[in-house]
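Peer 1: The file below is protein-v5.tsv, TSV, N, CA and C atoms:
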```tsv
chain	number	residue	atom	x	y	z
A	1	MET	N	0.67	48.41	12.31
A	1	MET	CA	1.12	47.23	11.63
A	1	MET	C	0.32	46.02	12.12
A	2	GLN	N	-0.19	45.25	11.18
A	2	GLN	CA	-1.01	44.11	11.54
A	2	GLN	C	-0.16	42.85	11.54
A	3	PRO	N	-0.47	41.92	12.44
A	3	PRO	CA	0.27	40.66	12.45
A	3	PRO	C	-0.03	39.87	11.17
A	4	GLU	N	0.98	39.13	10.73
A	4	GLU	CA	0.81	38.34	9.51
A	4	GLU	C	-0.08	37.15	9.80
A	5	SER	N	-0.87	36.80	8.83
A	5	SER	CA	-1.80	35.70	8.96
A	5	SER	C	-1.23	34.46	8.28
A	6	ASP	N	-1.67	33.29	8.71
A	6	ASP	CA	-1.26	32.04	8.07
A	6	ASP	C	-2.08	31.77	6.82
A	7	GLU	N	-3.13	32.56	6.58
A	7	GLU	CA	-3.97	32.34	5.41
A	7	GLU	C	-3.24	32.79	4.16
A	8	PRO	N	-3.54	32.17	3.03
A	8	PRO	CA	-2.91	32.58	1.79
A	8	PRO	C	-3.28	34.02	1.45
A	9	LYS	N	-2.40	34.70	0.74
A	9	LYS	CA	-2.62	36.10	0.41
A	9	LYS	C	-3.77	36.27	-0.57
A	10	THR	N	-3.97	35.31	-1.45
A	10	THR	CA	-5.09	35.39	-2.39
A	10	THR	C	-6.03	34.22	-2.12
A	11	LYS	N	-7.28	34.56	-1.95
A	11	LYS	CA	-8.28	33.53	-1.70
A	11	LYS	C	-9.11	33.37	-2.95
A	12	ALA	N	-9.49	32.15	-3.22
A	12	ALA	CA	-10.40	31.90	-4.32
A	12	ALA	C	-11.80	32.29	-3.88
A	13	GLY	N	-12.49	32.98	-4.74
A	13	GLY	CA	-13.86	33.38	-4.43
A	13	GLY	C	-14.80	32.20	-4.55
A	14	PRO	N	-16.06	32.42	-4.23
A	14	PRO	CA	-17.02	31.33	-4.31
A	14	PRO	C	-17.19	30.80	-5.74
A	15	ARG	N	-17.08	31.66	-6.72
A	15	ARG	CA	-17.22	31.20	-8.11
A	15	ARG	C	-16.05	30.29	-8.48
A	16	ALA	N	-14.83	30.67	-8.10
A	16	ALA	CA	-13.66	29.84	-8.40
A	16	ALA	C	-13.74	28.51	-7.67
A	17	SER	N	-14.23	28.53	-6.45
A	17	SER	CA	-14.39	27.27	-5.69
A	17	SER	C	-15.42	26.37	-6.34
A	18	ALA	N	-16.50	26.95	-6.86
A	18	ALA	CA	-17.54	26.16	-7.52
A	18	ALA	C	-17.00	25.56	-8.81
A	19	ILE	N	-16.22	26.32	-9.54
A	19	ILE	CA	-15.63	25.81	-10.79
A	19	ILE	C	-14.67	24.68	-10.48
A	20	ARG	N	-13.85	24.86	-9.45
A	20	ARG	CA	-12.91	23.81	-9.05
A	20	ARG	C	-13.66	22.54	-8.65
A	21	ALA	N	-14.74	22.70	-7.90
A	21	ALA	CA	-15.54	21.54	-7.48
A	21	ALA	C	-16.17	20.86	-8.69
A	22	ALA	N	-16.61	21.65	-9.67
A	22	ALA	CA	-17.20	21.06	-10.88
A	22	ALA	C	-16.16	20.25	-11.65
A	23	TYR	N	-14.93	20.78	-11.73
A	23	TYR	CA	-13.86	20.02	-12.39
A	23	TYR	C	-13.55	18.73	-11.63
A	24	LEU	N	-13.59	18.80	-10.31
A	24	LEU	CA	-13.33	17.61	-9.50
A	24	LEU	C	-14.40	16.55	-9.74
A	25	VAL	N	-15.66	16.95	-9.73
A	25	VAL	CA	-16.75	16.01	-9.99
A	25	VAL	C	-16.63	15.44	-11.40
A	26	ALA	N	-16.38	16.31	-12.38
A	26	ALA	CA	-16.21	15.84	-13.76
A	26	ALA	C	-15.05	14.86	-13.86
A	27	GLY	N	-13.97	15.13	-13.14
A	27	GLY	CA	-12.82	14.22	-13.14
A	27	GLY	C	-13.19	12.84	-12.64
A	28	PHE	N	-13.96	12.78	-11.56
A	28	PHE	CA	-14.38	11.49	-11.02
A	28	PHE	C	-15.32	10.76	-11.97
A	29	VAL	N	-16.25	11.51	-12.58
A	29	VAL	CA	-17.18	10.89	-13.54
A	29	VAL	C	-16.40	10.33	-14.73
A	30	LEU	N	-15.47	11.13	-15.27
A	30	LEU	CA	-14.68	10.68	-16.42
A	30	LEU	C	-13.80	9.49	-16.04
A	31	LEU	N	-13.23	9.51	-14.85
A	31	LEU	CA	-12.43	8.38	-14.39
A	31	LEU	C	-13.29	7.13	-14.29
A	32	ALA	N	-14.48	7.25	-13.75
A	32	ALA	CA	-15.39	6.10	-13.65
A	32	ALA	C	-15.74	5.57	-15.04
A	33	LEU	N	-16.01	6.47	-15.98
A	33	LEU	CA	-16.30	6.04	-17.35
A	33	LEU	C	-15.10	5.32	-17.97
A	34	GLY	N	-13.91	5.82	-17.68
A	34	GLY	CA	-12.70	5.17	-18.19
A	34	GLY	C	-12.52	3.78	-17.61
A	35	ILE	N	-12.79	3.64	-16.34
A	35	ILE	CA	-12.68	2.32	-15.70
A	35	ILE	C	-13.72	1.36	-16.28
A	36	ILE	N	-14.94	1.86	-16.47
A	36	ILE	CA	-15.98	1.03	-17.10
A	36	ILE	C	-15.53	0.64	-18.51
A	37	GLY	N	-14.95	1.58	-19.23
A	37	GLY	CA	-14.49	1.31	-20.59
A	37	GLY	C	-13.40	0.26	-20.65
A	38	ALA	N	-12.67	0.09	-19.57
A	38	ALA	CA	-11.63	-0.94	-19.56
A	38	ALA	C	-12.24	-2.34	-19.59
A	39	PHE	N	-13.50	-2.46	-19.19
A	39	PHE	CA	-14.15	-3.76	-19.14
A	39	PHE	C	-15.18	-3.98	-20.25
A	40	LEU	N	-15.62	-2.89	-20.89
A	40	LEU	CA	-16.59	-3.01	-21.97
A	40	LEU	C	-15.87	-2.79	-23.31
A	41	PRO	N	-15.98	-3.73	-24.23
A	41	PRO	CA	-15.20	-3.63	-25.46
A	41	PRO	C	-15.58	-2.46	-26.37
A	42	VAL	N	-16.81	-1.96	-26.30
A	42	VAL	CA	-17.21	-0.90	-27.22
A	42	VAL	C	-17.07	0.50	-26.62
A	43	MET	N	-16.65	0.59	-25.38
A	43	MET	CA	-16.52	1.89	-24.73
A	43	MET	C	-15.05	2.24	-24.57
A	44	PRO	N	-14.67	3.47	-24.95
A	44	PRO	CA	-13.25	3.82	-24.85
A	44	PRO	C	-12.80	3.99	-23.40
A	45	THR	N	-11.52	3.83	-23.19
A	45	THR	CA	-10.94	4.02	-21.87
A	45	THR	C	-10.04	5.24	-21.86
A	46	THR	N	-9.11	5.27	-22.80
A	46	THR	CA	-8.03	6.25	-22.77
A	46	THR	C	-8.52	7.68	-22.80
A	47	ILE	N	-9.47	8.00	-23.67
A	47	ILE	CA	-9.91	9.39	-23.77
A	47	ILE	C	-10.53	9.85	-22.46
A	48	PHE	N	-11.27	8.97	-21.80
A	48	PHE	CA	-11.88	9.35	-20.52
A	48	PHE	C	-10.81	9.58	-19.44
A	49	ILE	N	-9.77	8.76	-19.45
A	49	ILE	CA	-8.68	8.93	-18.47
A	49	ILE	C	-7.92	10.22	-18.74
A	50	ILE	N	-7.64	10.52	-20.02
A	50	ILE	CA	-6.95	11.76	-20.37
A	50	ILE	C	-7.79	12.97	-19.95
A	51	LEU	N	-9.08	12.92	-20.22
A	51	LEU	CA	-9.96	14.02	-19.83
A	51	LEU	C	-10.06	14.13	-18.30
A	52	ALA	N	-10.08	13.00	-17.60
A	52	ALA	CA	-10.09	13.04	-16.13
A	52	ALA	C	-8.83	13.71	-15.61
A	53	ALA	N	-7.68	13.38	-16.21
A	53	ALA	CA	-6.42	14.01	-15.78
A	53	ALA	C	-6.48	15.51	-16.02
A	54	GLY	N	-7.08	15.93	-17.12
A	54	GLY	CA	-7.23	17.37	-17.38
A	54	GLY	C	-8.10	18.04	-16.34
A	55	CYS	N	-9.18	17.38	-15.95
A	55	CYS	CA	-10.06	17.94	-14.91
A	55	CYS	C	-9.35	17.98	-13.57
A	56	PHE	N	-8.62	16.91	-13.24
A	56	PHE	CA	-7.89	16.89	-11.97
A	56	PHE	C	-6.77	17.94	-11.96
A	57	ALA	N	-6.20	18.24	-13.12
A	57	ALA	CA	-5.16	19.27	-13.19
A	57	ALA	C	-5.72	20.63	-12.77
A	58	ARG	N	-7.02	20.82	-12.94
A	58	ARG	CA	-7.66	22.08	-12.59
A	58	ARG	C	-8.35	22.04	-11.23
A	59	SER	N	-8.29	20.86	-10.57
A	59	SER	CA	-9.01	20.77	-9.31
A	59	SER	C	-8.23	20.11	-8.18
A	60	SER	N	-7.37	19.14	-8.49
A	60	SER	CA	-6.70	18.40	-7.43
A	60	SER	C	-5.31	17.93	-7.90
A	61	GLU	N	-4.29	18.59	-7.41
A	61	GLU	CA	-2.92	18.19	-7.77
A	61	GLU	C	-2.64	16.75	-7.34
A	62	ARG	N	-3.18	16.36	-6.21
A	62	ARG	CA	-2.95	15.02	-5.69
A	62	ARG	C	-3.52	13.96	-6.63
A	63	LEU	N	-4.75	14.15	-7.09
A	63	LEU	CA	-5.37	13.18	-7.98
A	63	LEU	C	-4.71	13.18	-9.36
A	64	GLU	N	-4.35	14.37	-9.83
A	64	GLU	CA	-3.63	14.44	-11.11
A	64	GLU	C	-2.30	13.69	-10.99
A	65	GLY	N	-1.58	13.92	-9.90
A	65	GLY	CA	-0.31	13.23	-9.68
A	65	GLY	C	-0.47	11.73	-9.61
A	66	TRP	N	-1.56	11.28	-8.97
A	66	TRP	CA	-1.83	9.84	-8.88
A	66	TRP	C	-2.03	9.26	-10.28
A	67	LEU	N	-2.80	9.94	-11.13
A	67	LEU	CA	-3.00	9.43	-12.49
A	67	LEU	C	-1.71	9.44	-13.29
A	68	LEU	N	-0.91	10.51	-13.15
A	68	LEU	CA	0.34	10.61	-13.91
A	68	LEU	C	1.34	9.54	-13.48
A	69	LYS	N	1.27	9.11	-12.21
A	69	LYS	CA	2.19	8.08	-11.72
A	69	LYS	C	1.63	6.67	-11.89
A	70	HIS	N	0.38	6.56	-12.31
A	70	HIS	CA	-0.25	5.25	-12.46
A	70	HIS	C	0.51	4.45	-13.52
A	71	PRO	N	0.87	3.19	-13.22
A	71	PRO	CA	1.67	2.41	-14.17
A	71	PRO	C	0.97	2.15	-15.50
A	72	ARG	N	-0.33	2.07	-15.50
A	72	ARG	CA	-1.06	1.77	-16.75
A	72	ARG	C	-1.43	3.04	-17.52
A	73	PHE	N	-1.92	4.06	-16.82
A	73	PHE	CA	-2.44	5.24	-17.48
A	73	PHE	C	-1.44	6.39	-17.58
A	74	GLY	N	-0.49	6.45	-16.67
A	74	GLY	CA	0.47	7.56	-16.64
A	74	GLY	C	1.22	7.77	-17.94
A	75	PRO	N	1.84	6.73	-18.51
A	75	PRO	CA	2.58	6.93	-19.76
A	75	PRO	C	1.70	7.42	-20.90
A	76	THR	N	0.46	6.96	-20.95
A	76	THR	CA	-0.45	7.39	-22.01
A	76	THR	C	-0.78	8.87	-21.87
A	77	ILE	N	-1.07	9.29	-20.65
A	77	ILE	CA	-1.40	10.70	-20.39
A	77	ILE	C	-0.20	11.58	-20.71
A	78	LYS	N	0.98	11.18	-20.26
A	78	LYS	CA	2.19	11.97	-20.51
A	78	LYS	C	2.49	12.08	-22.00
A	79	ALA	N	2.32	10.98	-22.74
A	79	ALA	CA	2.58	11.01	-24.19
A	79	ALA	C	1.59	11.93	-24.89
A	80	TRP	N	0.34	11.89	-24.47
A	80	TRP	CA	-0.66	12.76	-25.08
A	80	TRP	C	-0.35	14.22	-24.79
A	81	ARG	N	0.01	14.53	-23.54
A	81	ARG	CA	0.30	15.92	-23.17
A	81	ARG	C	1.55	16.44	-23.87
A	82	ALA	N	2.57	15.60	-23.97
A	82	ALA	CA	3.84	16.05	-24.54
A	82	ALA	C	3.80	16.14	-26.06
A	83	GLU	N	3.17	15.17	-26.72
A	83	GLU	CA	3.27	15.08	-28.18
A	83	GLU	C	1.94	14.91	-28.89
A	84	GLY	N	0.85	14.80	-28.15
A	84	GLY	CA	-0.43	14.48	-28.78
A	84	GLY	C	-0.37	13.08	-29.38
A	85	ALA	N	0.42	12.21	-28.74
A	85	ALA	CA	0.72	10.89	-29.31
A	85	ALA	C	-0.19	9.81	-28.76
A	86	ILE	N	-0.45	8.81	-29.61
A	86	ILE	CA	-1.22	7.62	-29.23
A	86	ILE	C	-0.39	6.41	-29.66
A	87	SER	N	-0.23	5.45	-28.77
A	87	SER	CA	0.57	4.27	-29.08
A	87	SER	C	-0.09	3.45	-30.19
A	88	ARG	N	0.71	2.63	-30.85
A	88	ARG	CA	0.18	1.75	-31.89
A	88	ARG	C	-0.90	0.82	-31.31
A	89	ARG	N	-0.64	0.30	-30.13
A	89	ARG	CA	-1.63	-0.57	-29.48
A	89	ARG	C	-2.91	0.20	-29.21
A	90	GLY	N	-2.78	1.43	-28.76
A	90	GLY	CA	-3.96	2.27	-28.50
A	90	GLY	C	-4.74	2.54	-29.77
A	91	LYS	N	-4.03	2.82	-30.86
A	91	LYS	CA	-4.70	3.04	-32.14
A	91	LYS	C	-5.45	1.79	-32.59
A	92	THR	N	-4.80	0.65	-32.45
A	92	THR	CA	-5.41	-0.61	-32.86
A	92	THR	C	-6.66	-0.89	-32.04
A	93	LEU	N	-6.56	-0.73	-30.72
A	93	LEU	CA	-7.72	-0.97	-29.86
A	93	LEU	C	-8.85	0.03	-30.14
A	94	ALA	N	-8.50	1.29	-30.34
A	94	ALA	CA	-9.52	2.30	-30.61
A	94	ALA	C	-10.25	2.01	-31.91
A	95	CYS	N	-9.51	1.73	-32.96
A	95	CYS	CA	-10.15	1.47	-34.25
A	95	CYS	C	-10.94	0.16	-34.23
A	96	SER	N	-10.42	-0.84	-33.55
A	96	SER	CA	-11.15	-2.11	-33.43
A	96	SER	C	-12.45	-1.90	-32.66
A	97	GLY	N	-12.39	-1.11	-31.61
A	97	GLY	CA	-13.59	-0.80	-30.84
A	97	GLY	C	-14.62	-0.04	-31.67
A	98	MET	N	-14.14	0.87	-32.53
A	98	MET	CA	-15.07	1.60	-33.39
A	98	MET	C	-15.74	0.67	-34.39
A	99	VAL	N	-14.97	-0.24	-34.97
A	99	VAL	CA	-15.55	-1.19	-35.92
A	99	VAL	C	-16.58	-2.07	-35.20
A	100	LEU	N	-16.22	-2.60	-34.05
A	100	LEU	CA	-17.15	-3.44	-33.29
A	100	LEU	C	-18.39	-2.64	-32.90
A	101	GLY	N	-18.18	-1.42	-32.44
A	101	GLY	CA	-19.31	-0.58	-32.07
A	101	GLY	C	-20.24	-0.30	-33.24
A	102	TYR	N	-19.67	-0.08	-34.41
A	102	TYR	CA	-20.50	0.19	-35.59
A	102	TYR	C	-21.29	-1.06	-36.00
A	103	VAL	N	-20.63	-2.20	-35.96
A	103	VAL	CA	-21.33	-3.45	-36.30
A	103	VAL	C	-22.47	-3.70	-35.31
A	104	LEU	N	-22.21	-3.52	-34.03
A	104	LEU	CA	-23.26	-3.71	-33.03
A	104	LEU	C	-24.39	-2.69	-33.22
A	105	PHE	N	-24.03	-1.48	-33.60
A	105	PHE	CA	-25.03	-0.46	-33.89
A	105	PHE	C	-25.92	-0.90	-35.06
A	106	LEU	N	-25.30	-1.40	-36.12
A	106	LEU	CA	-26.07	-1.85	-37.28
A	106	LEU	C	-27.01	-3.01	-36.92
A	107	ILE	N	-26.49	-3.95	-36.13
A	107	ILE	CA	-27.29	-5.12	-35.75
A	107	ILE	C	-28.40	-4.72	-34.77
A	108	GLY	N	-28.05	-3.93	-33.77
A	108	GLY	CA	-29.01	-3.60	-32.72
A	108	GLY	C	-30.02	-2.54	-33.10
A	109	ALA	N	-29.60	-1.52	-33.80
A	109	ALA	CA	-30.51	-0.41	-34.11
A	109	ALA	C	-31.20	-0.56	-35.45
A	110	ARG	N	-30.59	-1.31	-36.34
A	110	ARG	CA	-31.13	-1.48	-37.70
A	110	ARG	C	-31.55	-0.14	-38.30
A	111	PRO	N	-30.59	0.79	-38.38
A	111	PRO	CA	-30.93	2.14	-38.85
A	111	PRO	C	-31.21	2.16	-40.36
A	112	GLY	N	-31.87	3.21	-40.78
A	112	GLY	CA	-32.04	3.43	-42.21
A	112	GLY	C	-30.71	3.86	-42.81
A	113	LEU	N	-30.64	3.88	-44.12
A	113	LEU	CA	-29.38	4.19	-44.80
A	113	LEU	C	-28.82	5.56	-44.43
A	114	PRO	N	-29.62	6.63	-44.38
A	114	PRO	CA	-29.04	7.94	-44.03
A	114	PRO	C	-28.39	7.95	-42.64
A	115	VAL	N	-29.06	7.35	-41.66
A	115	VAL	CA	-28.50	7.32	-40.30
A	115	VAL	C	-27.26	6.44	-40.26
A	116	ALA	N	-27.31	5.29	-40.92
A	116	ALA	CA	-26.15	4.40	-40.95
A	116	ALA	C	-24.95	5.09	-41.57
A	117	LEU	N	-25.17	5.84	-42.65
A	117	LEU	CA	-24.07	6.55	-43.31
A	117	LEU	C	-23.54	7.69	-42.44
A	118	PHE	N	-24.46	8.38	-41.75
A	118	PHE	CA	-24.02	9.45	-40.86
A	118	PHE	C	-23.14	8.91	-39.74
A	119	VAL	N	-23.60	7.84	-39.10
A	119	VAL	CA	-22.83	7.24	-38.01
A	119	VAL	C	-21.50	6.71	-38.54
A	120	LEU	N	-21.52	6.11	-39.72
A	120	LEU	CA	-20.27	5.65	-40.33
A	120	LEU	C	-19.31	6.81	-40.56
A	121	ALA	N	-19.83	7.93	-41.04
A	121	ALA	CA	-18.99	9.10	-41.27
A	121	ALA	C	-18.35	9.60	-39.97
A	122	VAL	N	-19.13	9.58	-38.88
A	122	VAL	CA	-18.59	10.00	-37.58
A	122	VAL	C	-17.47	9.05	-37.14
A	123	PHE	N	-17.71	7.74	-37.27
A	123	PHE	CA	-16.69	6.76	-36.89
A	123	PHE	C	-15.44	6.90	-37.76
A	124	VAL	N	-15.63	7.10	-39.06
A	124	VAL	CA	-14.47	7.26	-39.95
A	124	VAL	C	-13.68	8.52	-39.57
A	125	GLY	N	-14.39	9.59	-39.25
A	125	GLY	CA	-13.71	10.82	-38.82
A	125	GLY	C	-12.92	10.61	-37.53
A	126	CYS	N	-13.51	9.90	-36.60
A	126	CYS	CA	-12.81	9.61	-35.34
A	126	CYS	C	-11.61	8.71	-35.58
A	127	ALA	N	-11.78	7.70	-36.42
A	127	ALA	CA	-10.66	6.79	-36.72
A	127	ALA	C	-9.55	7.55	-37.43
A	128	TRP	N	-9.92	8.44	-38.35
A	128	TRP	CA	-8.89	9.23	-39.05
A	128	TRP	C	-8.10	10.06	-38.04
A	129	PHE	N	-8.79	10.69	-37.10
A	129	PHE	CA	-8.10	11.49	-36.09
A	129	PHE	C	-7.13	10.62	-35.29
A	130	VAL	N	-7.61	9.48	-34.81
A	130	VAL	CA	-6.77	8.59	-34.00
A	130	VAL	C	-5.55	8.14	-34.79
A	131	LEU	N	-5.78	7.72	-36.04
A	131	LEU	CA	-4.66	7.21	-36.86
A	131	LEU	C	-3.69	8.31	-37.29
A	132	SER	N	-4.15	9.55	-37.30
A	132	SER	CA	-3.27	10.66	-37.71
A	132	SER	C	-2.34	11.13	-36.60
A	133	ARG	N	-2.57	10.71	-35.38
A	133	ARG	CA	-1.72	11.11	-34.25
A	133	ARG	C	-0.39	10.40	-34.35
A	134	PRO	N	0.68	11.08	-33.93
A	134	PRO	CA	1.99	10.41	-33.93
A	134	PRO	C	2.04	9.34	-32.84
A	135	GLU	N	3.00	8.44	-32.98
A	135	GLU	CA	3.25	7.46	-31.93
A	135	GLU	C	4.28	8.04	-30.97
A	136	PRO	N	4.21	7.69	-29.69
A	136	PRO	CA	5.15	8.26	-28.70
A	136	PRO	C	6.60	7.98	-29.10
A	137	SER	N	7.43	8.99	-28.97
A	137	SER	CA	8.84	8.84	-29.37
A	137	SER	C	9.66	8.07	-28.34
A	138	GLY	N	9.20	8.01	-27.10
A	138	GLY	CA	9.95	7.36	-26.06
A	138	GLY	C	9.80	5.85	-25.98
A	139	ARG	N	9.03	5.25	-26.88
A	139	ARG	CA	8.76	3.80	-26.77
A	139	ARG	C	9.40	3.06	-27.89
```
Give the structure from the file, written as C-alpha coordinates.

Peer 2:
Amino acid sequence: MQPESDEPKTKAGPRASAIRAAYLVAGFVLLALGIIGAFLPVMPTTIFIILAAGCFARSSERLEGWLLKHPRFGPTIKAWRAEGAISRRGKTLACSGMVLGYVLFLIGARPGLPVALFVLAVFVGCAWFVLSRPEPSGR
(Lines of atoms letter the chains of each structure in order from A and count residues from 1; the text may use other names and numbers.)
(Lines give C-alpha, C1' and ligand atoms only; values in the text may rest on other atoms or scores of the structure.)
Protein backbone atom coordinates (compact mmCIF):
# COMPACT_ATOMS: atom_id res chain seq x y z
CA MET A 1 0.00 0.00 0.00
CA GLN A 2 1.39 3.36 -1.03
CA PRO A 3 0.98 6.51 1.03
CA GLU A 4 -1.50 9.00 -0.36
CA SER A 5 -0.08 12.00 -2.12
CA ASP A 6 -1.19 15.62 -1.82
CA GLU A 7 -1.04 15.92 -5.62
CA PRO A 8 -4.30 15.88 -7.55
CA LYS A 9 -5.35 12.49 -8.88
CA THR A 10 -5.51 13.76 -12.46
CA LYS A 11 -2.78 15.95 -13.84
CA ALA A 12 -3.09 18.07 -16.91
CA GLY A 13 -0.61 17.07 -19.55
CA PRO A 14 1.70 19.48 -21.29
CA ARG A 15 -0.78 19.98 -24.14
CA ALA A 16 -3.60 20.90 -21.73
CA SER A 17 -1.29 23.28 -19.88
CA ALA A 18 -0.30 24.95 -23.15
CA ILE A 19 -3.93 25.34 -24.16
CA ARG A 20 -4.78 26.81 -20.75
CA ALA A 21 -1.86 29.25 -21.06
CA ALA A 22 -3.00 30.24 -24.56
CA TYR A 23 -6.50 30.98 -23.22
CA LEU A 24 -4.97 33.03 -20.41
CA VAL A 25 -2.88 35.10 -22.83
CA ALA A 26 -5.87 35.53 -25.15
CA GLY A 27 -7.95 36.64 -22.16
CA PHE A 28 -5.45 39.35 -21.26
CA VAL A 29 -5.17 40.53 -24.88
CA LEU A 30 -8.97 40.68 -25.23
CA LEU A 31 -9.28 42.47 -21.89
CA ALA A 32 -6.69 45.04 -23.01
CA LEU A 33 -8.58 45.55 -26.28
CA GLY A 34 -11.80 46.02 -24.32
CA ILE A 35 -10.19 48.61 -22.07
CA ILE A 36 -8.80 50.44 -25.11
CA GLY A 37 -12.27 50.29 -26.65
CA ALA A 38 -13.70 52.05 -23.63
CA PHE A 39 -11.68 55.12 -24.60
CA LEU A 40 -11.83 54.95 -28.41
CA PRO A 41 -15.26 55.70 -29.88
CA VAL A 42 -14.93 53.42 -32.93
CA MET A 43 -13.63 50.35 -31.11
CA PRO A 44 -16.02 48.03 -29.28
CA THR A 45 -15.64 47.27 -25.59
CA THR A 46 -18.30 44.78 -24.62
CA ILE A 47 -17.52 42.01 -27.10
CA PHE A 48 -13.86 42.00 -26.08
CA ILE A 49 -14.79 41.82 -22.38
CA ILE A 50 -17.26 38.98 -23.02
CA LEU A 51 -14.63 37.08 -25.01
CA ALA A 52 -12.03 37.74 -22.29
CA ALA A 53 -14.42 36.27 -19.71
CA GLY A 54 -14.83 33.20 -21.91
CA CYS A 55 -11.06 32.78 -22.15
CA PHE A 56 -10.64 33.26 -18.40
CA ALA A 57 -13.39 30.67 -17.80
CA ARG A 58 -11.07 28.17 -19.49
CA SER A 59 -7.88 29.33 -17.84
CA SER A 60 -8.34 31.21 -14.55
CA GLU A 61 -11.32 30.96 -12.21
CA ARG A 62 -9.97 33.90 -10.24
CA LEU A 63 -9.84 36.24 -13.25
CA GLU A 64 -13.21 35.06 -14.51
CA GLY A 65 -14.68 35.69 -11.05
CA TRP A 66 -13.13 39.16 -10.99
CA LEU A 67 -14.77 40.05 -14.31
CA LEU A 68 -18.13 38.59 -13.25
CA LYS A 69 -18.05 40.65 -10.04
CA HIS A 70 -16.88 43.82 -11.78
CA PRO A 71 -19.54 46.53 -11.28
CA ARG A 72 -19.35 47.75 -14.88
CA PHE A 73 -18.74 44.56 -16.88
CA GLY A 74 -20.21 41.83 -14.67
CA PRO A 75 -23.90 42.47 -15.38
CA THR A 76 -23.24 42.60 -19.13
CA ILE A 77 -21.33 39.31 -19.12
CA LYS A 78 -23.98 37.61 -16.97
CA ALA A 79 -26.82 38.84 -19.21
CA TRP A 80 -25.02 37.60 -22.31
CA ARG A 81 -24.32 34.19 -20.77
CA ALA A 82 -27.82 33.73 -19.38
CA GLU A 83 -29.94 35.09 -22.24
CA GLY A 84 -27.69 36.22 -25.08
CA ALA A 85 -29.00 39.66 -24.13
CA ILE A 86 -27.64 43.13 -24.88
CA SER A 87 -28.94 46.20 -23.04
CA ARG A 88 -30.67 48.99 -24.94
CA ARG A 89 -27.77 51.30 -24.07
CA GLY A 90 -25.32 48.70 -25.38
CA LYS A 91 -27.26 48.36 -28.63
CA THR A 92 -27.35 52.13 -29.06
CA LEU A 93 -23.63 52.51 -28.41
CA ALA A 94 -22.74 49.58 -30.67
CA CYS A 95 -24.81 50.81 -33.59
CA SER A 96 -23.63 54.40 -33.12
CA GLY A 97 -20.04 53.19 -33.11
CA MET A 98 -20.65 51.24 -36.31
CA VAL A 99 -22.12 54.29 -38.03
CA LEU A 100 -19.22 56.47 -36.87
CA GLY A 101 -16.72 53.81 -37.89
CA TYR A 102 -18.26 53.53 -41.35
CA VAL A 103 -18.26 57.30 -41.86
CA LEU A 104 -14.62 57.50 -40.77
CA PHE A 105 -13.83 54.60 -43.10
CA LEU A 106 -15.45 56.42 -46.03
CA ILE A 107 -13.61 59.66 -45.24
CA GLY A 108 -10.24 58.11 -44.45
CA ALA A 109 -10.00 55.28 -46.96
CA ARG A 110 -12.06 56.74 -49.80
CA PRO A 111 -12.88 53.25 -51.06
CA GLY A 112 -14.35 52.42 -54.42
CA LEU A 113 -18.03 51.56 -54.61
CA PRO A 114 -17.63 47.75 -54.41
CA VAL A 115 -15.48 47.95 -51.26
CA ALA A 116 -17.72 50.60 -49.69
CA LEU A 117 -20.79 48.42 -50.31
CA PHE A 118 -19.04 45.32 -48.97
CA VAL A 119 -18.02 47.09 -45.76
CA LEU A 120 -21.52 48.55 -45.46
CA ALA A 121 -22.99 45.06 -45.80
CA VAL A 122 -20.71 43.78 -43.01
CA PHE A 123 -21.72 46.68 -40.73
CA VAL A 124 -25.42 46.17 -41.51
CA GLY A 125 -25.08 42.46 -40.73
CA CYS A 126 -23.37 43.21 -37.43
CA ALA A 127 -25.97 45.85 -36.53
CA TRP A 128 -28.78 43.42 -37.39
CA PHE A 129 -27.25 40.82 -35.07
CA VAL A 130 -26.86 43.33 -32.22
CA LEU A 131 -30.40 44.67 -32.64
CA SER A 132 -31.89 41.17 -32.84
CA ARG A 133 -30.62 40.21 -29.38
CA PRO A 134 -33.11 40.39 -26.53
CA GLU A 135 -32.74 42.96 -23.77
CA PRO A 136 -31.88 41.63 -20.29
CA SER A 137 -34.99 40.64 -18.37
CA GLY A 138 -33.57 41.66 -15.00
CA ARG A 139 -33.30 45.40 -15.77

Peer 1: Which residue, A:Ile77, A:Ser96, A:Val115, A:Arg110, has the smallest gap to Ala127 in chain A when you use only C-alpha atoms?

Peer 2: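 Using only C-alpha atoms, Ala127 in chain A sits closest to A:Ser96.
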
Peer 1: Excluding Arg133 in chain A and residues on its chain fewer than 5 positions from it, collect all residues at most 6 Å away from it, counting all atoms listed in the file, and give them as a list of chain:residue names.

Peer 2: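 Everything that qualifies: A:Gly84, A:Ala85, A:Ile86.
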
Peer 1: Write down as a ChimeraX atom specification the residues belonging to chain A that are assigned helix (DSSP H, G or I) by DSSP computed on the backbone.

Peer 2: /A:14-39,46-57,61-69,74-83,88-109,113-132

Peer 1: Is there a way to get, as a list in words, all residues within 6 Å of the point (-20.4, -2.4, -30.7) in file coordinates, counting only N, CA and C atoms?

Peer 2: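 Output: Val42, Val99, Leu100, Gly101, Tyr102, Val103, Leu104 and Phe105 of chain A.
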
Peer 1: Report the distance between atom C of Tyr23 in chain A and atom C of Val130 in chain A in Å, rounded to one decimal place.

Peer 2: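 Atom C of Val130 in chain A lies at a distance of 26.7 Å from atom C of Tyr23 in chain A.
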